Amino acid sequence: MTETVLLVGGGGREHAVARALADSDCSLYAAAGNRNPGIASLADGFETLDTTNPTAVRTYAEETDATLAVVGPESPLEAGVADALDDAGVYAFGPQQNEARIETDKGFQRRFMERNDIPGLPDFEEFTDSEAACAFIDEYDGDLVVKPAGLTGGKGVRVIGDQVTAAEAKEYIRESDHDRLVLEERLVGEEFTVQALVANGDVRVTPAVQDHKRAYEGDEGPNTGGMGSYSDATLELPFMDRADYLEAVDILEATVDALEGYKGVLYGQFMLTAEGVKVVEFNARFGDPEAMNTLPVMETDLLDVLVAARDGEALPQLQFQSAATVCKYAVPDGYPADPEAGAKVQIDPESAGAATLFYASVDERDDGIYTTTSRSFAVVGVADSITDAEAITTEALERAGTDGLRVRWDIGKADLVQSRIDHMAELRGE
């Protein structure tokens with residue numbers, strides 16, 4: 001039968017999911033707090049609603065006779081949207097509220113890893129008392145990472161010895177209103193992510209991706225939701241080998257084994273250190289921007305994965321093009337500290353050339369599309385090498401123009417990639 005899929009969420013990640021489903025044998029409907037013109041152009045219907053309201057999402061799913069759903073962002077998962085859809089008989093490809101705590105509660109995440117002997121666990125302690133947390137900083141032999149236990153959109157973490165001093169970290173703790181904090185050892189190495197599609201106990205992994213969280217070129221400035229990312233034509237990245245990749249996969253599989261009934265995407269953010277692969281965190285959904293690296297090169301029909309998951313069947317093995325990808329986000333001037341909205345977006349899917357455009361947070365008006373205060377859009381190039389993919393991305397952005405926008409042009413550049421290779425070689429004494 002023809003499936004009807006409800007896509008929950010309106011960002012760049014969800015635009016990538018919509019594109020992955022666009023040529024499948026399904027009707028696509030979308031619900032989001034913001035109207036994404038890219039998703040709207042691909043969907044049979046688009047409803048603007050509060051996606052953290054389980055009743056509102058379930059009602060729209062029932063109105064559209066949805067047979068499947070994909071929950072994109074983390075906030076609806078935390079709110080129990082997947083639970084509500086499942087209860088209504090609409091299979092949600094996304095974990096229920098309790099399982100989503102692997103992302104939404106960092107204290108739970110670390111205790112879960114400890115309790116189930118999940119490899120890659122760094123030293124950590126959880127605190128509800130700010131002064132006790134500050135005392136731990138004074139007593140700990142080494143640098144620490146300060147993490148609010150709840151969701152912060154990738155912007156709540158402070159890294160001692162990198163972003164802040166110990167004194168500044170303590171000031172942050174005392175001035176913040178977070179109920180719980182996790183303090184854990186600072187991991188030194190190169191970060192990468194591996195996303196897995198999970199259901200019925202099966203784990204189907206995607207190529208490794210390296211995201212760039214820092215706002216400015218050269219990895220300077222505050223953390224953001226992600227300024228861009230790249231993947232290689234192999235499963236691993238240039239600074240790692242296949243054994244490193246497989247070590248990360250082993251961690252994902254051990255985690256799924258311990259998370260009974262988990263379904264959806266499990267995203268592992270890892271740090272490759274001199275001692276091996278460590279877990280920075282888990283996310284319970286596709287990454288943004290990492291979904292825009294992996295889904296465009298996935299040759300397996302995403303709908304086939306969703307149907308198999310719902311029907312209790314083995315998930316299909318995932319096939320990918322032997323191609324590299326480079327994704328660069330365009331963000332409003334001043335982002336993330338003081339973003340300036342209202343710049344006209346000069347690029348559209350037809351003018352992107354060989355690149356692919358994914359809208360994120362934009363304002364569609366009668367005379368065009370304009371920026372908001374969040375990340376505006378991403379451009380992705382696909383080619384045989386990272387260098388060629390980067391050139392495709394840059395050409396599209398330069399041709400369109402970036403007045404009122406800012407881009408991290410260094411993402412995917414040969415010298416930045418080489419610096420990652422050199423860094424790991426140094427750490428490993430090679």
# chains A, B, ... in the order shown; residues from 1 in each chain; ligands from 1
call {"tool": "select_by_dssp", "arguments": {"residues": "stretch 299-331 of chain A", "states": "alpha helix (DSSP H)", "output": "PDB file with all heavy atoms, in the first residue's frame"}}
result
ATOM      1  N   LEU A 302      14.831   5.410   2.229  1.00  0.00           N
ATOM      2  CA  LEU A 302      14.514   5.638   3.640  1.00  0.00           C
ATOM      3  C   LEU A 302      13.140   5.084   3.980  1.00  0.00           C
ATOM      4  O   LEU A 302      12.924   4.571   5.092  1.00  0.00           O
ATOM      5  CB  LEU A 302      14.591   7.128   3.969  1.00  0.00           C
ATOM      6  CG  LEU A 302      14.255   7.538   5.410  1.00  0.00           C
ATOM      7  CD1 LEU A 302      15.189   6.872   6.415  1.00  0.00           C
ATOM      8  CD2 LEU A 302      14.305   9.059   5.568  1.00  0.00           C
ATOM      9  N   LEU A 303      12.205   5.160   3.045  1.00  0.00           N
ATOM     10  CA  LEU A 303      10.867   4.622   3.306  1.00  0.00           C
ATOM     11  C   LEU A 303      10.922   3.126   3.586  1.00  0.00           C
ATOM     12  O   LEU A 303      10.179   2.625   4.446  1.00  0.00           O
ATOM     13  CB  LEU A 303       9.941   4.901   2.124  1.00  0.00           C
ATOM     14  CG  LEU A 303       8.488   4.441   2.305  1.00  0.00           C
ATOM     15  CD1 LEU A 303       7.816   5.195   3.447  1.00  0.00           C
ATOM     16  CD2 LEU A 303       7.713   4.590   1.002  1.00  0.00           C
ATOM     17  N   ASP A 304      11.797   2.395   2.891  1.00  0.00           N
ATOM     18  CA  ASP A 304      11.930   0.960   3.142  1.00  0.00           C
ATOM     19  C   ASP A 304      12.375   0.696   4.573  1.00  0.00           C
ATOM     20  O   ASP A 304      11.951  -0.294   5.201  1.00  0.00           O
ATOM     21  CB  ASP A 304      12.933   0.334   2.166  1.00  0.00           C
ATOM     22  CG  ASP A 304      12.412   0.282   0.734  1.00  0.00           C
ATOM     23  OD1 ASP A 304      11.194   0.448   0.539  1.00  0.00           O
ATOM     24  OD2 ASP A 304      13.236   0.078  -0.184  1.00  0.00           O
ATOM     25  N   VAL A 305      13.235   1.564   5.099  1.00  0.00           N
ATOM     26  CA  VAL A 305      13.679   1.426   6.490  1.00  0.00           C
ATOM     27  C   VAL A 305      12.506   1.653   7.437  1.00  0.00           C
ATOM     28  O   VAL A 305      12.296   0.886   8.389  1.00  0.00           O
ATOM     29  CB  VAL A 305      14.818   2.420   6.798  1.00  0.00           C
ATOM     30  CG1 VAL A 305      15.242   2.325   8.263  1.00  0.00           C
ATOM     31  CG2 VAL A 305      16.014   2.163   5.885  1.00  0.00           C
ATOM     32  N   LEU A 306      11.714   2.687   7.172  1.00  0.00           N
ATOM     33  CA  LEU A 306      10.588   3.009   8.041  1.00  0.00           C
ATOM     34  C   LEU A 306       9.554   1.894   8.048  1.00  0.00           C
ATOM     35  O   LEU A 306       9.040   1.510   9.111  1.00  0.00           O
ATOM     36  CB  LEU A 306       9.934   4.316   7.590  1.00  0.00           C
ATOM     37  CG  LEU A 306      10.812   5.570   7.545  1.00  0.00           C
ATOM     38  CD1 LEU A 306       9.983   6.767   7.087  1.00  0.00           C
ATOM     39  CD2 LEU A 306      11.452   5.841   8.879  1.00  0.00           C
ATOM     40  N   VAL A 307       9.246   1.351   6.883  1.00  0.00           N
ATOM     41  CA  VAL A 307       8.240   0.293   6.793  1.00  0.00           C
ATOM     42  C   VAL A 307       8.714  -0.972   7.503  1.00  0.00           C
ATOM     43  O   VAL A 307       7.966  -1.607   8.250  1.00  0.00           O
ATOM     44  CB  VAL A 307       7.893   0.005   5.319  1.00  0.00           C
ATOM     45  CG1 VAL A 307       7.021  -1.242   5.196  1.00  0.00           C
ATOM     46  CG2 VAL A 307       7.182   1.205   4.703  1.00  0.00           C
ATOM     47  N   ALA A 308       9.970  -1.344   7.291  1.00  0.00           N
ATOM     48  CA  ALA A 308      10.508  -2.522   7.963  1.00  0.00           C
ATOM     49  C   ALA A 308      10.491  -2.343   9.477  1.00  0.00           C
ATOM     50  O   ALA A 308      10.171  -3.268  10.228  1.00  0.00           O
ATOM     51  CB  ALA A 308      11.922  -2.809   7.471  1.00  0.00           C
ATOM     52  N   ALA A 309      10.845  -1.146   9.930  1.00  0.00           N
ATOM     53  CA  ALA A 309      10.834  -0.870  11.361  1.00  0.00           C
ATOM     54  C   ALA A 309       9.429  -1.064  11.934  1.00  0.00           C
ATOM     55  O   ALA A 309       9.249  -1.721  12.968  1.00  0.00           O
ATOM     56  CB  ALA A 309      11.327   0.556  11.622  1.00  0.00           C
ATOM     57  N   ARG A 310       8.442  -0.490  11.264  1.00  0.00           N
ATOM     58  CA  ARG A 310       7.064  -0.603  11.757  1.00  0.00           C
ATOM     59  C   ARG A 310       6.563  -2.038  11.734  1.00  0.00           C
ATOM     60  O   ARG A 310       5.869  -2.489  12.665  1.00  0.00           O
ATOM     61  CB  ARG A 310       6.141   0.263  10.899  1.00  0.00           C
ATOM     62  CG  ARG A 310       4.676   0.203  11.346  1.00  0.00           C
ATOM     63  CD  ARG A 310       3.742   0.715  10.275  1.00  0.00           C
ATOM     64  NE  ARG A 310       3.849  -0.078   9.060  1.00  0.00           N
ATOM     65  CZ  ARG A 310       3.468   0.345   7.853  1.00  0.00           C
ATOM     66  NH1 ARG A 310       2.953   1.553   7.712  1.00  0.00           N
ATOM     67  NH2 ARG A 310       3.595  -0.439   6.808  1.00  0.00           N
TER      68      ARG A 310
END
call {"tool": "residues_around", "arguments": {"residues": "A:Ala20", "least_positions_apart": "4", "cutoff": "8 Å", "atoms": "only C-alpha atoms", "output": "JSON list (two decimals) with N, CA, C and O atoms, in the first residue's frame"}}
result
[["chain", "number", "residue", "atom", "x", "y", "z"],
["A", 16, "ALA", "N", 16.20, 17.68, 4.81],
["A", 16, "ALA", "CA", 16.96, 16.54, 4.26],
["A", 16, "ALA", "C", 16.14, 15.26, 4.30],
["A", 16, "ALA", "O", 16.17, 14.45, 3.36],
["A", 24, "SER", "N", 9.96, 8.58, -2.97],
["A", 24, "SER", "CA", 9.45, 7.29, -2.50],
["A", 24, "SER", "C", 7.95, 7.18, -2.77],
["A", 24, "SER", "O", 7.27, 8.17, -3.06],
["A", 295, "LEU", "N", 22.16, 11.62, 4.31],
["A", 295, "LEU", "CA", 20.96, 11.26, 3.56],
["A", 295, "LEU", "C", 21.11, 11.48, 2.05],
["A", 295, "LEU", "O", 20.61, 10.67, 1.26],
["A", 296, "PRO", "N", 21.77, 12.56, 1.60],
["A", 296, "PRO", "CA", 21.90, 12.73, 0.14],
["A", 296, "PRO", "C", 22.73, 11.64, -0.55],
["A", 296, "PRO", "O", 22.59, 11.46, -1.77],
["A", 301, "ASP", "N", 16.41, 3.24, 0.10],
["A", 301, "ASP", "CA", 15.21, 4.06, 0.26],
["A", 301, "ASP", "C", 14.87, 4.19, 1.74],
["A", 301, "ASP", "O", 14.64, 3.19, 2.43],
["A", 302, "LEU", "N", 14.83, 5.41, 2.23],
["A", 302, "LEU", "CA", 14.51, 5.64, 3.64],
["A", 302, "LEU", "C", 13.14, 5.08, 3.98],
["A", 302, "LEU", "O", 12.92, 4.57, 5.09]]
call {"tool": "closest_atom_pairs", "arguments": {"of": "stretch 343-421 of chain A", "to": "stretch 222-245 of chain A", "cutoff": "9 Å", "atoms": "only C-alpha atoms", "output": "JSON lines"}}
result
{"residue": "A:Arg375", "atom": "CA", "partner": "A:Gly225", "partner_atom": "CA", "distance": 8.1}
{"residue": "A:Ala378", "atom": "CA", "partner": "A:Gly228", "partner_atom": "CA", "distance": 7.8}
{"residue": "A:Ala383", "atom": "CA", "partner": "A:Ala233", "partner_atom": "CA", "distance": 8.3}
{"residue": "A:Asp384", "atom": "CA", "partner": "A:Ala233", "partner_atom": "CA", "distance": 6.5}
{"residue": "A:Ser385", "atom": "CA", "partner": "A:Ala233", "partner_atom": "CA", "distance": 6.5}
{"residue": "A:Ile386", "atom": "CA", "partner": "A:Asp232", "partner_atom": "CA", "distance": 6.1}
{"residue": "A:Ala389", "atom": "CA", "partner": "A:Tyr230", "partner_atom": "CA", "distance": 8.9}
{"residue": "A:Glu390", "atom": "CA", "partner": "A:Tyr230", "partner_atom": "CA", "distance": 8.6}
{"residue": "A:Val407", "atom": "CA", "partner": "A:Met227", "partner_atom": "CA", "distance": 7.6}
{"residue": "A:Arg408", "atom": "CA", "partner": "A:Met227", "partner_atom": "CA", "distance": 6.6}
{"residue": "A:Ile411", "atom": "CA", "partner": "A:Gly228", "partner_atom": "CA", "distance": 6.6}
{"residue": "A:Gly412", "atom": "CA", "partner": "A:Tyr230", "partner_atom": "CA", "distance": 6.1}
{"residue": "A:Val417", "atom": "CA", "partner": "A:Pro238", "partner_atom": "CA", "distance": 7.5}
{"residue": "A:Gln418", "atom": "CA", "partner": "A:Phe239", "partner_atom": "CA", "distance": 8.1}
{"residue": "A:Arg420", "atom": "CA", "partner": "A:Phe239", "partner_atom": "CA", "distance": 6.0}
{"residue": "A:Ile421", "atom": "CA", "partner": "A:Phe239", "partner_atom": "CA", "distance": 4.3}
call {"tool": "residues_around", "arguments": {"residues": "A:Arg13", "least_positions_apart": "4", "cutoff": "7 Å", "atoms": "only C-alpha atoms", "output": "list in words"}}
result
Val17, Gly287, Asp288, Pro289, Ala291 and Met292 of chain A
call {"tool": "residues_around", "arguments": {"residues": "stretch 79-84 of chain A", "least_positions_apart": "4", "cutoff": "9 Å", "atoms": "only C-alpha atoms", "output": "PyMOL selection string"}}
result
chain A and resi 51-55+57-58+69-71+74-75+88-98+100
call {"tool": "decode", "arguments": {"residues": "stretch 199-211 of chain A", "atoms": "all heavy atoms", "output": "PDB file, in the first residue's frame"}}
result
ATOM      1  N   ALA A 199      15.915  -0.145  14.879  1.00  0.00           N
ATOM      2  CA  ALA A 199      14.578  -0.675  15.185  1.00  0.00           C
ATOM      3  C   ALA A 199      14.672  -2.188  15.273  1.00  0.00           C
ATOM      4  O   ALA A 199      15.521  -2.812  14.621  1.00  0.00           O
ATOM      5  CB  ALA A 199      13.557  -0.272  14.120  1.00  0.00           C
ATOM      6  N   ASN A 200      13.825  -2.778  16.095  1.00  0.00           N
ATOM      7  CA  ASN A 200      13.723  -4.232  16.215  1.00  0.00           C
ATOM      8  C   ASN A 200      15.063  -4.881  16.573  1.00  0.00           C
ATOM      9  O   ASN A 200      15.353  -6.018  16.189  1.00  0.00           O
ATOM     10  CB  ASN A 200      13.184  -4.836  14.905  1.00  0.00           C
ATOM     11  CG  ASN A 200      11.943  -4.111  14.414  1.00  0.00           C
ATOM     12  OD1 ASN A 200      11.093  -3.722  15.212  1.00  0.00           O
ATOM     13  ND2 ASN A 200      11.826  -3.911  13.108  1.00  0.00           N
ATOM     14  N   GLY A 201      15.892  -4.132  17.291  1.00  0.00           N
ATOM     15  CA  GLY A 201      17.206  -4.624  17.694  1.00  0.00           C
ATOM     16  C   GLY A 201      18.282  -4.477  16.649  1.00  0.00           C
ATOM     17  O   GLY A 201      19.450  -4.774  16.923  1.00  0.00           O
ATOM     18  N   ASP A 202      17.931  -4.041  15.444  1.00  0.00           N
ATOM     19  CA  ASP A 202      18.914  -3.872  14.370  1.00  0.00           C
ATOM     20  C   ASP A 202      19.552  -2.494  14.453  1.00  0.00           C
ATOM     21  O   ASP A 202      18.897  -1.501  14.810  1.00  0.00           O
ATOM     22  CB  ASP A 202      18.251  -4.029  13.000  1.00  0.00           C
ATOM     23  CG  ASP A 202      17.845  -5.452  12.702  1.00  0.00           C
ATOM     24  OD1 ASP A 202      18.458  -6.369  13.276  1.00  0.00           O
ATOM     25  OD2 ASP A 202      16.918  -5.653  11.888  1.00  0.00           O
ATOM     26  N   VAL A 203      20.819  -2.422  14.076  1.00  0.00           N
ATOM     27  CA  VAL A 203      21.571  -1.169  14.053  1.00  0.00           C
ATOM     28  C   VAL A 203      22.193  -1.038  12.671  1.00  0.00           C
ATOM     29  O   VAL A 203      23.025  -1.859  12.276  1.00  0.00           O
ATOM     30  CB  VAL A 203      22.678  -1.155  15.138  1.00  0.00           C
ATOM     31  CG1 VAL A 203      23.463   0.141  15.087  1.00  0.00           C
ATOM     32  CG2 VAL A 203      22.076  -1.369  16.518  1.00  0.00           C
ATOM     33  N   ARG A 204      21.788  -0.024  11.928  1.00  0.00           N
ATOM     34  CA  ARG A 204      22.305   0.213  10.575  1.00  0.00           C
ATOM     35  C   ARG A 204      23.024   1.558  10.565  1.00  0.00           C
ATOM     36  O   ARG A 204      22.400   2.605  10.747  1.00  0.00           O
ATOM     37  CB  ARG A 204      21.172   0.198   9.552  1.00  0.00           C
ATOM     38  CG  ARG A 204      20.365  -1.102   9.540  1.00  0.00           C
ATOM     39  CD  ARG A 204      21.173  -2.253   8.953  1.00  0.00           C
ATOM     40  NE  ARG A 204      20.377  -3.467   8.829  1.00  0.00           N
ATOM     41  CZ  ARG A 204      20.493  -4.531   9.610  1.00  0.00           C
ATOM     42  NH1 ARG A 204      21.405  -4.534  10.586  1.00  0.00           N
ATOM     43  NH2 ARG A 204      19.737  -5.590   9.424  1.00  0.00           N
ATOM     44  N   VAL A 205      24.335   1.515  10.372  1.00  0.00           N
ATOM     45  CA  VAL A 205      25.144   2.709  10.576  1.00  0.00           C
ATOM     46  C   VAL A 205      25.416   3.453   9.271  1.00  0.00           C
ATOM     47  O   VAL A 205      25.354   2.883   8.173  1.00  0.00           O
ATOM     48  CB  VAL A 205      26.483   2.357  11.264  1.00  0.00           C
ATOM     49  CG1 VAL A 205      26.247   1.908  12.688  1.00  0.00           C
ATOM     50  CG2 VAL A 205      27.237   1.292  10.479  1.00  0.00           C
ATOM     51  N   THR A 206      25.721   4.727   9.404  1.00  0.00           N
ATOM     52  CA  THR A 206      25.998   5.621   8.295  1.00  0.00           C
ATOM     53  C   THR A 206      27.459   6.078   8.363  1.00  0.00           C
ATOM     54  O   THR A 206      28.131   5.866   9.380  1.00  0.00           O
ATOM     55  CB  THR A 206      25.072   6.844   8.357  1.00  0.00           C
ATOM     56  OG1 THR A 206      25.373   7.596   9.535  1.00  0.00           O
ATOM     57  CG2 THR A 206      23.603   6.421   8.394  1.00  0.00           C
ATOM     58  N   PRO A 207      27.972   6.716   7.312  1.00  0.00           N
ATOM     59  CA  PRO A 207      29.363   7.181   7.342  1.00  0.00           C
ATOM     60  C   PRO A 207      29.621   8.186   8.464  1.00  0.00           C
ATOM     61  O   PRO A 207      28.720   8.924   8.889  1.00  0.00           O
ATOM     62  CB  PRO A 207      29.540   7.830   5.967  1.00  0.00           C
ATOM     63  CG  PRO A 207      28.530   7.164   5.096  1.00  0.00           C
ATOM     64  CD  PRO A 207      27.354   6.913   5.988  1.00  0.00           C
ATOM     65  N   ALA A 208      30.855   8.223   8.918  1.00  0.00           N
ATOM     66  CA  ALA A 208      31.264   9.191   9.937  1.00  0.00           C
ATOM     67  C   ALA A 208      31.247  10.599   9.356  1.00  0.00           C
ATOM     68  O   ALA A 208      31.514  10.807   8.166  1.00  0.00           O
ATOM     69  CB  ALA A 208      32.658   8.849  10.459  1.00  0.00           C
ATOM     70  N   VAL A 209      30.931  11.560  10.219  1.00  0.00           N
ATOM     71  CA  VAL A 209      30.859  12.971   9.842  1.00  0.00           C
ATOM     72  C   VAL A 209      31.603  13.777  10.896  1.00  0.00           C
ATOM     73  O   VAL A 209      31.572  13.425  12.082  1.00  0.00           O
ATOM     74  CB  VAL A 209      29.395  13.447   9.753  1.00  0.00           C
ATOM     75  CG1 VAL A 209      29.320  14.924   9.375  1.00  0.00           C
ATOM     76  CG2 VAL A 209      28.594  12.604   8.766  1.00  0.00           C
ATOM     77  N   GLN A 210      32.260  14.851  10.478  1.00  0.00           N
ATOM     78  CA  GLN A 210      32.820  15.786  11.464  1.00  0.00           C
ATOM     79  C   GLN A 210      32.084  17.114  11.375  1.00  0.00           C
ATOM     80  O   GLN A 210      32.083  17.778  10.336  1.00  0.00           O
ATOM     81  CB  GLN A 210      34.315  16.017  11.283  1.00  0.00           C
ATOM     82  CG  GLN A 210      34.885  16.867  12.431  1.00  0.00           C
ATOM     83  CD  GLN A 210      36.385  16.981  12.449  1.00  0.00           C
ATOM     84  OE1 GLN A 210      36.989  17.428  11.480  1.00  0.00           O
ATOM     85  NE2 GLN A 210      36.999  16.573  13.559  1.00  0.00           N
ATOM     86  N   ASP A 211      31.431  17.478  12.473  1.00  0.00           N
ATOM     87  CA  ASP A 211      30.706  18.745  12.601  1.00  0.00           C
ATOM     88  C   ASP A 211      31.672  19.822  13.091  1.00  0.00           C
ATOM     89  O   ASP A 211      32.730  19.526  13.659  1.00  0.00           O
ATOM     90  CB  ASP A 211      29.544  18.549  13.590  1.00  0.00           C
ATOM     91  CG  ASP A 211      28.647  19.778  13.704  1.00  0.00           C
ATOM     92  OD1 ASP A 211      28.707  20.647  12.822  1.00  0.00           O
ATOM     93  OD2 ASP A 211      27.891  19.856  14.687  1.00  0.00           O
TER      94      ASP A 211
END
